[in-house]
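Coordinates from data_2.cif are shown below (mmCIF, C-alpha atoms).
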data_target
#
loop_
_atom_site.label_atom_id
_atom_site.label_comp_id
_atom_site.auth_asym_id
_atom_site.auth_seq_id
_atom_site.Cartn_x
_atom_site.Cartn_y
_atom_site.Cartn_z
CA MET A 1 -4.00 8.78 -25.03
CA VAL A 2 -3.28 6.44 -22.17
CA GLU A 3 -4.85 3.11 -22.78
CA THR A 4 -5.90 1.41 -19.60
CA VAL A 5 -8.16 -1.47 -18.97
CA ILE A 6 -10.69 -0.40 -16.39
CA ASP A 7 -11.79 -3.37 -14.39
CA GLU A 8 -15.43 -4.26 -14.36
CA THR A 9 -15.17 -4.05 -10.59
CA VAL A 10 -16.85 -1.25 -8.69
CA GLU A 11 -15.71 1.51 -6.42
CA SER A 12 -17.74 0.01 -3.61
CA ILE A 13 -14.77 -0.40 -1.31
CA GLY A 14 -13.63 3.14 -1.95
CA SER A 15 -17.01 4.65 -1.27
CA ARG A 16 -17.44 2.46 1.80
CA LEU A 17 -14.06 3.70 2.98
CA ASN A 18 -15.22 7.26 2.43
CA ALA A 19 -18.37 6.69 4.47
CA ARG A 20 -16.40 5.13 7.30
CA ILE A 21 -13.91 8.00 7.34
CA LYS A 22 -16.80 10.47 7.55
CA GLY A 23 -18.30 8.56 10.43
CA LEU A 24 -15.02 8.43 12.32
CA PHE A 25 -13.35 11.76 11.65
CA GLY A 26 -16.27 13.90 10.54
CA ARG A 27 -14.58 15.14 7.39
CA SER A 28 -11.62 13.35 5.85
CA LEU A 29 -8.51 11.42 6.69
CA ALA A 30 -5.33 13.46 6.80
CA ILE A 31 -2.05 11.66 6.35
CA ARG A 32 1.36 12.94 7.35
CA GLU A 33 4.19 11.02 5.80
CA VAL A 34 7.34 10.73 7.88
CA ASP A 35 10.47 9.67 6.04
CA THR A 36 12.87 8.18 8.56
CA GLY A 37 15.69 7.52 6.15
CA SER A 38 14.09 5.45 3.44
CA CYS A 39 15.40 4.99 -0.10
CA ASN A 40 12.46 7.00 -1.52
CA ALA A 41 10.82 4.02 -3.21
CA CYS A 42 8.06 4.03 -0.59
CA GLU A 43 7.59 7.79 -1.08
CA VAL A 44 7.21 7.30 -4.82
CA GLU A 45 4.54 4.65 -4.26
CA ALA A 46 2.70 6.78 -1.70
CA MET A 47 2.88 9.77 -4.05
CA THR A 48 1.37 7.63 -6.82
CA LEU A 49 -1.83 7.48 -4.76
CA SER A 50 -2.44 11.18 -5.47
CA TYR A 51 -2.03 10.74 -9.23
CA PRO A 52 -5.06 10.26 -11.53
CA LEU A 53 -4.59 6.50 -11.85
CA TYR A 54 -5.29 5.77 -8.19
CA ASP A 55 -6.53 9.17 -6.98
CA MET A 56 -7.10 8.67 -3.27
CA GLU A 57 -8.42 12.22 -2.80
CA ARG A 58 -11.77 11.09 -4.20
CA PHE A 59 -12.15 8.99 -1.05
CA GLY A 60 -11.35 11.94 1.22
CA ILE A 61 -7.78 10.91 2.00
CA HIS A 62 -5.36 13.82 1.89
CA VAL A 63 -1.66 14.25 2.47
CA VAL A 64 -1.01 17.21 4.75
CA ALA A 65 2.09 19.27 5.44
CA SER A 66 2.28 19.03 9.22
CA PRO A 67 1.76 16.30 11.83
CA ARG A 68 -0.41 18.79 13.74
CA HIS A 69 -3.01 18.53 10.99
CA ALA A 70 -2.78 14.76 10.62
CA ASP A 71 -4.82 11.77 11.79
CA VAL A 72 -2.46 9.19 10.37
CA LEU A 73 1.31 8.99 10.51
CA LEU A 74 2.60 7.03 7.54
CA ILE A 75 6.16 6.12 8.45
CA THR A 76 8.68 4.85 5.95
CA GLY A 77 12.32 3.96 6.40
CA PRO A 78 14.36 2.01 8.97
CA VAL A 79 14.57 4.90 11.52
CA THR A 80 18.10 6.19 11.25
CA ARG A 81 19.77 7.72 14.27
CA ASN A 82 19.35 11.21 12.85
CA MET A 83 15.62 10.72 12.43
CA GLU A 84 14.89 9.22 15.87
CA LEU A 85 14.23 12.68 17.33
CA GLY A 86 12.19 13.78 14.33
CA LEU A 87 10.02 10.68 14.54
CA MET A 88 9.34 11.18 18.25
CA GLN A 89 8.58 14.88 17.76
CA SER A 90 6.13 14.23 14.95
CA PHE A 91 4.48 11.46 16.97
CA ARG A 92 3.99 13.83 19.92
CA ALA A 93 2.78 16.62 17.64
CA THR A 94 0.02 14.46 16.12
CA PRO A 95 -3.27 15.01 17.96
CA SER A 96 -5.08 11.98 19.38
CA PRO A 97 -6.78 9.80 18.22
CA LYS A 98 -4.03 8.91 15.83
CA ILE A 99 -3.05 5.92 13.74
CA VAL A 100 0.55 4.96 13.14
CA ILE A 101 1.23 2.97 9.98
CA ALA A 102 4.60 1.37 9.36
CA MET A 103 4.92 1.17 5.60
CA GLY A 104 7.50 -0.95 3.85
CA THR A 105 9.83 -3.66 5.04
CA CYS A 106 12.34 -1.14 6.38
CA ALA A 107 9.82 0.45 8.74
CA ILE A 108 8.74 -2.96 10.04
CA THR A 109 12.04 -4.76 10.69
CA GLY A 110 14.79 -2.64 9.17
CA GLY A 111 14.78 -4.58 5.91
CA ILE A 112 18.14 -4.70 4.16
CA PHE A 113 19.55 -2.25 6.73
CA LYS A 114 18.72 -4.58 9.61
CA ASP A 115 21.27 -4.69 12.46
CA SER A 116 23.29 -1.85 10.95
CA TYR A 117 24.98 0.51 13.44
CA ALA A 118 23.12 3.46 11.94
CA VAL A 119 19.52 2.25 12.15
CA ALA A 120 17.14 1.16 14.87
CA ASN A 121 15.43 -1.84 13.24
CA GLY A 122 11.97 -0.50 12.59
CA VAL A 123 9.45 1.91 13.99
CA ASP A 124 7.99 -0.25 16.74
CA SER A 125 11.14 -0.01 18.84
CA PHE A 126 10.11 3.64 19.48
CA ILE A 127 6.37 4.10 19.08
CA PRO A 128 3.38 1.73 19.02
CA VAL A 129 2.44 0.77 15.47
CA ASP A 130 -1.19 0.11 14.55
CA VAL A 131 -0.88 -1.26 11.03
CA TYR A 132 1.99 -2.88 9.18
CA ILE A 133 2.13 -2.72 5.37
CA PRO A 134 4.81 -5.12 4.10
CA GLY A 135 6.36 -4.74 0.67
CA CYS A 136 9.58 -3.41 -0.75
CA PRO A 137 8.02 -1.03 -1.70
CA PRO A 138 4.30 -1.88 -1.26
CA ARG A 139 2.17 -1.28 -4.33
CA PRO A 140 -0.22 1.69 -4.18
CA GLN A 141 -3.17 -0.69 -3.95
CA ALA A 142 -1.48 -2.39 -1.01
CA ILE A 143 -1.17 1.00 0.71
CA MET A 144 -4.87 1.63 0.09
CA HIS A 145 -5.63 -1.76 1.61
CA GLY A 146 -3.43 -0.84 4.57
CA LEU A 147 -5.38 2.39 5.09
CA MET A 148 -8.59 0.37 5.08
CA VAL A 149 -7.14 -1.99 7.69
CA ALA A 150 -6.14 1.05 9.78
CA ILE A 151 -9.65 2.50 9.68
CA ASP A 152 -11.04 -0.93 10.52
CA LYS A 153 -8.79 -1.03 13.57
CA MET A 154 -9.86 2.46 14.60
CA GLU A 155 -13.55 1.57 14.26
CA SER A 156 -13.14 -1.46 16.47
CA GLY A 157 -11.57 0.74 19.16
CA PHE A 158 -7.94 -0.27 18.71
CA MET B 1 -34.91 27.73 -28.36
CA ILE B 2 -35.49 24.22 -29.60
CA CYS B 3 -34.55 24.94 -33.20
CA GLU B 4 -31.49 26.85 -32.00
CA PHE B 5 -30.38 23.82 -30.05
CA LYS B 6 -30.89 21.67 -33.16
CA GLU B 7 -28.63 23.98 -35.11
CA VAL B 8 -25.98 23.64 -32.45
CA LYS B 9 -26.45 19.90 -32.45
CA ASP B 10 -25.90 19.67 -36.18
CA SER B 11 -22.88 21.94 -36.14
CA MET B 12 -19.47 20.69 -37.02
CA MET B 13 -17.91 21.60 -33.67
CA PHE B 14 -20.53 19.72 -31.71
CA LYS B 15 -19.97 16.60 -33.81
CA MET B 16 -16.25 16.85 -33.34
CA LEU B 17 -16.62 17.19 -29.61
CA ARG B 18 -19.08 14.33 -29.47
CA ASN B 19 -16.76 12.09 -31.46
CA GLY B 20 -14.10 12.71 -28.88
CA LEU B 21 -11.73 15.21 -30.42
CA LEU B 22 -10.65 16.62 -27.10
CA ARG B 23 -11.53 13.59 -25.04
CA LYS B 24 -8.64 12.21 -23.05
CA GLY B 25 -10.54 9.43 -21.35
CA ILE B 26 -10.70 8.46 -17.70
CA ILE B 27 -7.58 6.73 -16.49
CA THR B 28 -8.58 6.44 -12.83
CA THR B 29 -8.80 2.78 -11.93
CA ARG B 30 -11.34 1.36 -9.56
CA TYR B 31 -10.41 -0.49 -6.43
CA PRO B 32 -11.38 -4.11 -7.02
CA LYS B 33 -14.26 -5.63 -5.13
CA ASP B 34 -12.68 -8.91 -4.10
CA ARG B 35 -8.98 -9.23 -4.86
CA ILE B 36 -6.35 -7.12 -6.56
CA THR B 37 -4.89 -8.68 -9.69
CA PRO B 38 -1.70 -6.74 -10.45
CA CYS B 39 0.04 -6.86 -13.81
CA ASP B 40 2.43 -9.65 -14.80
CA GLY B 41 5.76 -9.91 -13.03
CA VAL B 42 4.57 -8.47 -9.74
CA LYS B 43 5.98 -10.46 -6.86
CA GLY B 44 3.80 -10.86 -3.82
CA LEU B 45 3.59 -13.29 -0.95
CA PRO B 46 5.99 -16.26 -1.36
CA VAL B 47 4.13 -19.51 -0.87
CA VAL B 48 5.86 -22.80 -0.01
CA SER B 49 4.17 -26.03 -0.96
CA ALA B 50 4.92 -28.42 1.88
CA SER B 51 4.50 -31.52 -0.29
CA ARG B 52 7.29 -30.52 -2.70
CA CYS B 53 9.74 -29.12 -0.15
CA ASN B 54 12.58 -31.38 0.98
CA PHE B 55 13.90 -28.92 3.61
CA CYS B 56 17.29 -28.47 1.94
CA ALA B 57 17.40 -24.83 3.16
CA ASP B 58 18.62 -23.50 -0.19
CA CYS B 59 16.00 -20.75 0.01
CA ALA B 60 17.05 -19.76 3.53
CA ILE B 61 20.68 -19.47 2.38
CA ALA B 62 19.70 -17.51 -0.74
CA CYS B 63 17.49 -15.04 1.17
CA PRO B 64 19.42 -11.76 1.44
CA VAL B 65 17.53 -10.58 4.52
CA GLY B 66 17.17 -13.85 6.42
CA ALA B 67 13.39 -13.87 6.30
CA ILE B 68 13.16 -17.66 5.95
CA GLN B 69 13.91 -19.97 8.84
CA ILE B 70 13.74 -23.73 8.58
CA ILE B 71 13.28 -25.53 11.87
CA GLU B 72 13.18 -29.29 11.28
CA THR B 73 10.09 -29.73 9.11
CA THR B 74 8.50 -26.28 9.43
CA ILE B 75 9.30 -23.25 7.31
CA GLU B 76 8.88 -19.92 9.06
CA LEU B 77 8.59 -16.92 6.79
CA ASP B 78 8.64 -13.37 8.14
CA ILE B 79 6.85 -11.15 5.62
CA GLY B 80 7.90 -8.14 7.68
CA ALA B 81 11.50 -8.88 6.69
CA CYS B 82 10.86 -10.15 3.15
CA ILE B 83 11.83 -7.74 0.37
CA PHE B 84 10.00 -9.76 -2.32
CA CYS B 85 13.13 -10.19 -4.47
CA GLY B 86 12.39 -13.76 -5.57
CA ALA B 87 15.81 -15.17 -4.69
CA CYS B 88 14.17 -18.06 -2.82
CA GLU B 89 12.10 -18.95 -5.90
CA ARG B 90 15.21 -19.00 -8.08
CA ALA B 91 17.26 -20.99 -5.58
CA CYS B 92 14.68 -23.75 -5.11
CA ASP B 93 15.40 -26.87 -7.18
CA GLN B 94 12.12 -28.52 -6.20
CA GLU B 95 10.05 -25.54 -7.38
CA ALA B 96 8.45 -25.54 -3.97
CA VAL B 97 8.63 -21.75 -3.45
CA ILE B 98 6.39 -19.69 -5.70
CA MET B 99 6.01 -15.91 -5.62
CA THR B 100 2.27 -15.33 -5.85
CA PRO B 101 0.78 -12.00 -6.99
CA LEU B 102 -0.95 -11.58 -3.61
CA ILE B 103 -0.14 -8.06 -2.37
CA GLU B 104 -2.87 -7.25 0.17
CA LEU B 105 -0.75 -8.17 3.15
CA ALA B 106 -1.36 -5.36 5.66
CA THR B 107 -1.98 -6.55 9.20
CA LYS B 108 -2.81 -5.04 12.56
CA GLN B 109 -0.33 -7.12 14.55
CA ARG B 110 3.34 -7.83 14.05
CA ARG B 111 2.85 -11.55 14.61
CA GLY B 112 0.28 -11.56 11.80
CA LEU B 113 3.16 -11.14 9.38
CA LYS B 114 4.78 -14.41 10.38
CA VAL B 115 3.70 -17.30 8.18
CA THR B 116 4.44 -20.93 8.98
CA TYR B 117 4.29 -23.66 6.36
#

Rewritten as structure tokens:
Amino acid sequence: MVETVIDETVESIGSRLNARIKGLFGRSLAIREVDTGSCNACEVEAMTLSYPLYDMERFGIHVVASPRHADVLLITGPVTRNMELGLMQSFRATPSPKIVIAMGTCAITGGIFKDSYAVANGVDSFIPVDVYIPGCPPRPQAIMHGLMVAIDKMESGF
Amino acid sequence: MICEFKEVKDSMMFKMLRNGLLRKGIITTRYPKDRITPCDGVKGLPVVSASRCNFCADCAIACPVGAIQIIETTIELDIGACIFCGACERACDQEAVIMTPLIELATKQRRGLKVTY
């Protein structure tokens, strides 16, 4: 049996998040994750959100298989040259209104790959970014906080 | 019906189930109300105490990504470049740089990630 200490804190933020998502999108928040050449650490942390310990699906946040079904683009990685086209295509394929989240240090500035000949120093040199989540990689709770910041930005009309 | 239920209630299987034979427990954690307190060893936002710092720039030299810039008596830290490795904390002789467990750092603007001490 897994022994975990459940905090005495409440799920108030999570349920509030759920209510806000329902008000904004009518149903739930769909995330499409775009890997633009990251080391997979960010993917592991984002995947952890679907596991029982964090379980973001209880708040109505889902990871979908296509940018055409998504409200949020969660971009990881320093945007390598090979993924420039893929990033632009998935950005254009996402229906408006959309939120772009740059997750991880690589997606924000290029991180340890900064100024390399093969990368383009972050996502915001191509597409406008709404929320930045720093961390190398950010913890799952930090990603959840980032999603809350994104919804907050969307509520206030960008 | 009532006596049947009592029989069920007194049965061995019911007792075993009630005592948690097959119970695995809930492992889903709740999102904290005020601030996340991660487990020990988690490195979050590096904080520089201006009173202890003597602007020797050891941290800026040690930083592998160049996130720290020291301009005269101000320390500019770019969290968007920081990889939270803790090299600055180890390099500081004055113990002025401390890696705090603060991880809720998401911002809406790029300039919001730049911290000046």

Could you list the residues chosen by the PyMOL selection byres ((chain B) within 7 of (chain A)) in this structure as an mmCIF file with C-alpha atoms, keeping the file's coordinate frame?
data_model
loop_
_atom_site.group_PDB
_atom_site.id
_atom_site.type_symbol
_atom_site.label_atom_id
_atom_site.label_comp_id
_atom_site.auth_asym_id
_atom_site.auth_seq_id
_atom_site.Cartn_x
_atom_site.Cartn_y
_atom_site.Cartn_z
ATOM 1 C CA LYS B 24 -8.640 12.210 -23.050
ATOM 2 C CA ILE B 27 -7.580 6.730 -16.490
ATOM 3 C CA THR B 28 -8.580 6.440 -12.830
ATOM 4 C CA THR B 29 -8.800 2.780 -11.930
ATOM 5 C CA ARG B 30 -11.340 1.360 -9.560
ATOM 6 C CA TYR B 31 -10.410 -0.490 -6.430
ATOM 7 C CA PRO B 32 -11.380 -4.110 -7.020
ATOM 8 C CA LYS B 33 -14.260 -5.630 -5.130
ATOM 9 C CA VAL B 65 17.530 -10.580 4.520
ATOM 10 C CA ILE B 79 6.850 -11.150 5.620
ATOM 11 C CA GLY B 80 7.900 -8.140 7.680
ATOM 12 C CA ALA B 81 11.500 -8.880 6.690
ATOM 13 C CA CYS B 82 10.860 -10.150 3.150
ATOM 14 C CA ILE B 83 11.830 -7.740 0.370
ATOM 15 C CA PHE B 84 10.000 -9.760 -2.320
ATOM 16 C CA ILE B 103 -0.140 -8.060 -2.370
ATOM 17 C CA GLU B 104 -2.870 -7.250 0.170
ATOM 18 C CA LEU B 105 -0.750 -8.170 3.150
ATOM 19 C CA ALA B 106 -1.360 -5.360 5.660
ATOM 20 C CA THR B 107 -1.980 -6.550 9.200
ATOM 21 C CA LYS B 108 -2.810 -5.040 12.560
ATOM 22 C CA GLN B 109 -0.330 -7.120 14.550
#

- Message: Under the PyMOL selection byres ((chain B and resi 41-46) around 7), which residues of this model are included? Write them out as a PyMOL selection string.
- Response: chain B and resi 38-40+47-48+84+97-103

- Message: So the first atom is CA of His69 (chain A) and the second is CA of Val100 (chain A); what is the distance between them in Å, to one decimal place?
- Response: 14.2 Å

- Spell out the residues picked by the PyMOL selection byres ((chain B and resi 62) around 10) here, as an MDAnalysis selection string. chainID B and resid 57:61 63:66 68 86:92

- Task: Mind giving me the straight-line distance from CA of Glu95 (chain B) to CA of Arg111 (chain B) in Å, one decimal?
- Result: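 One can read the CA of Glu95 (chain B) to CA of Arg111 (chain B) distance as 27.0 Å.
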
- Query: With only C-alpha atoms as the basis for distance, which of B:Thr116, B:Gln94, B:Lys15, B:Arg35 is at the shortest distance from Ile71 (chain B)?
  - Reply: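 Using only C-alpha atoms, the shortest distance to Ile71 (chain B) belongs to B:Thr116.
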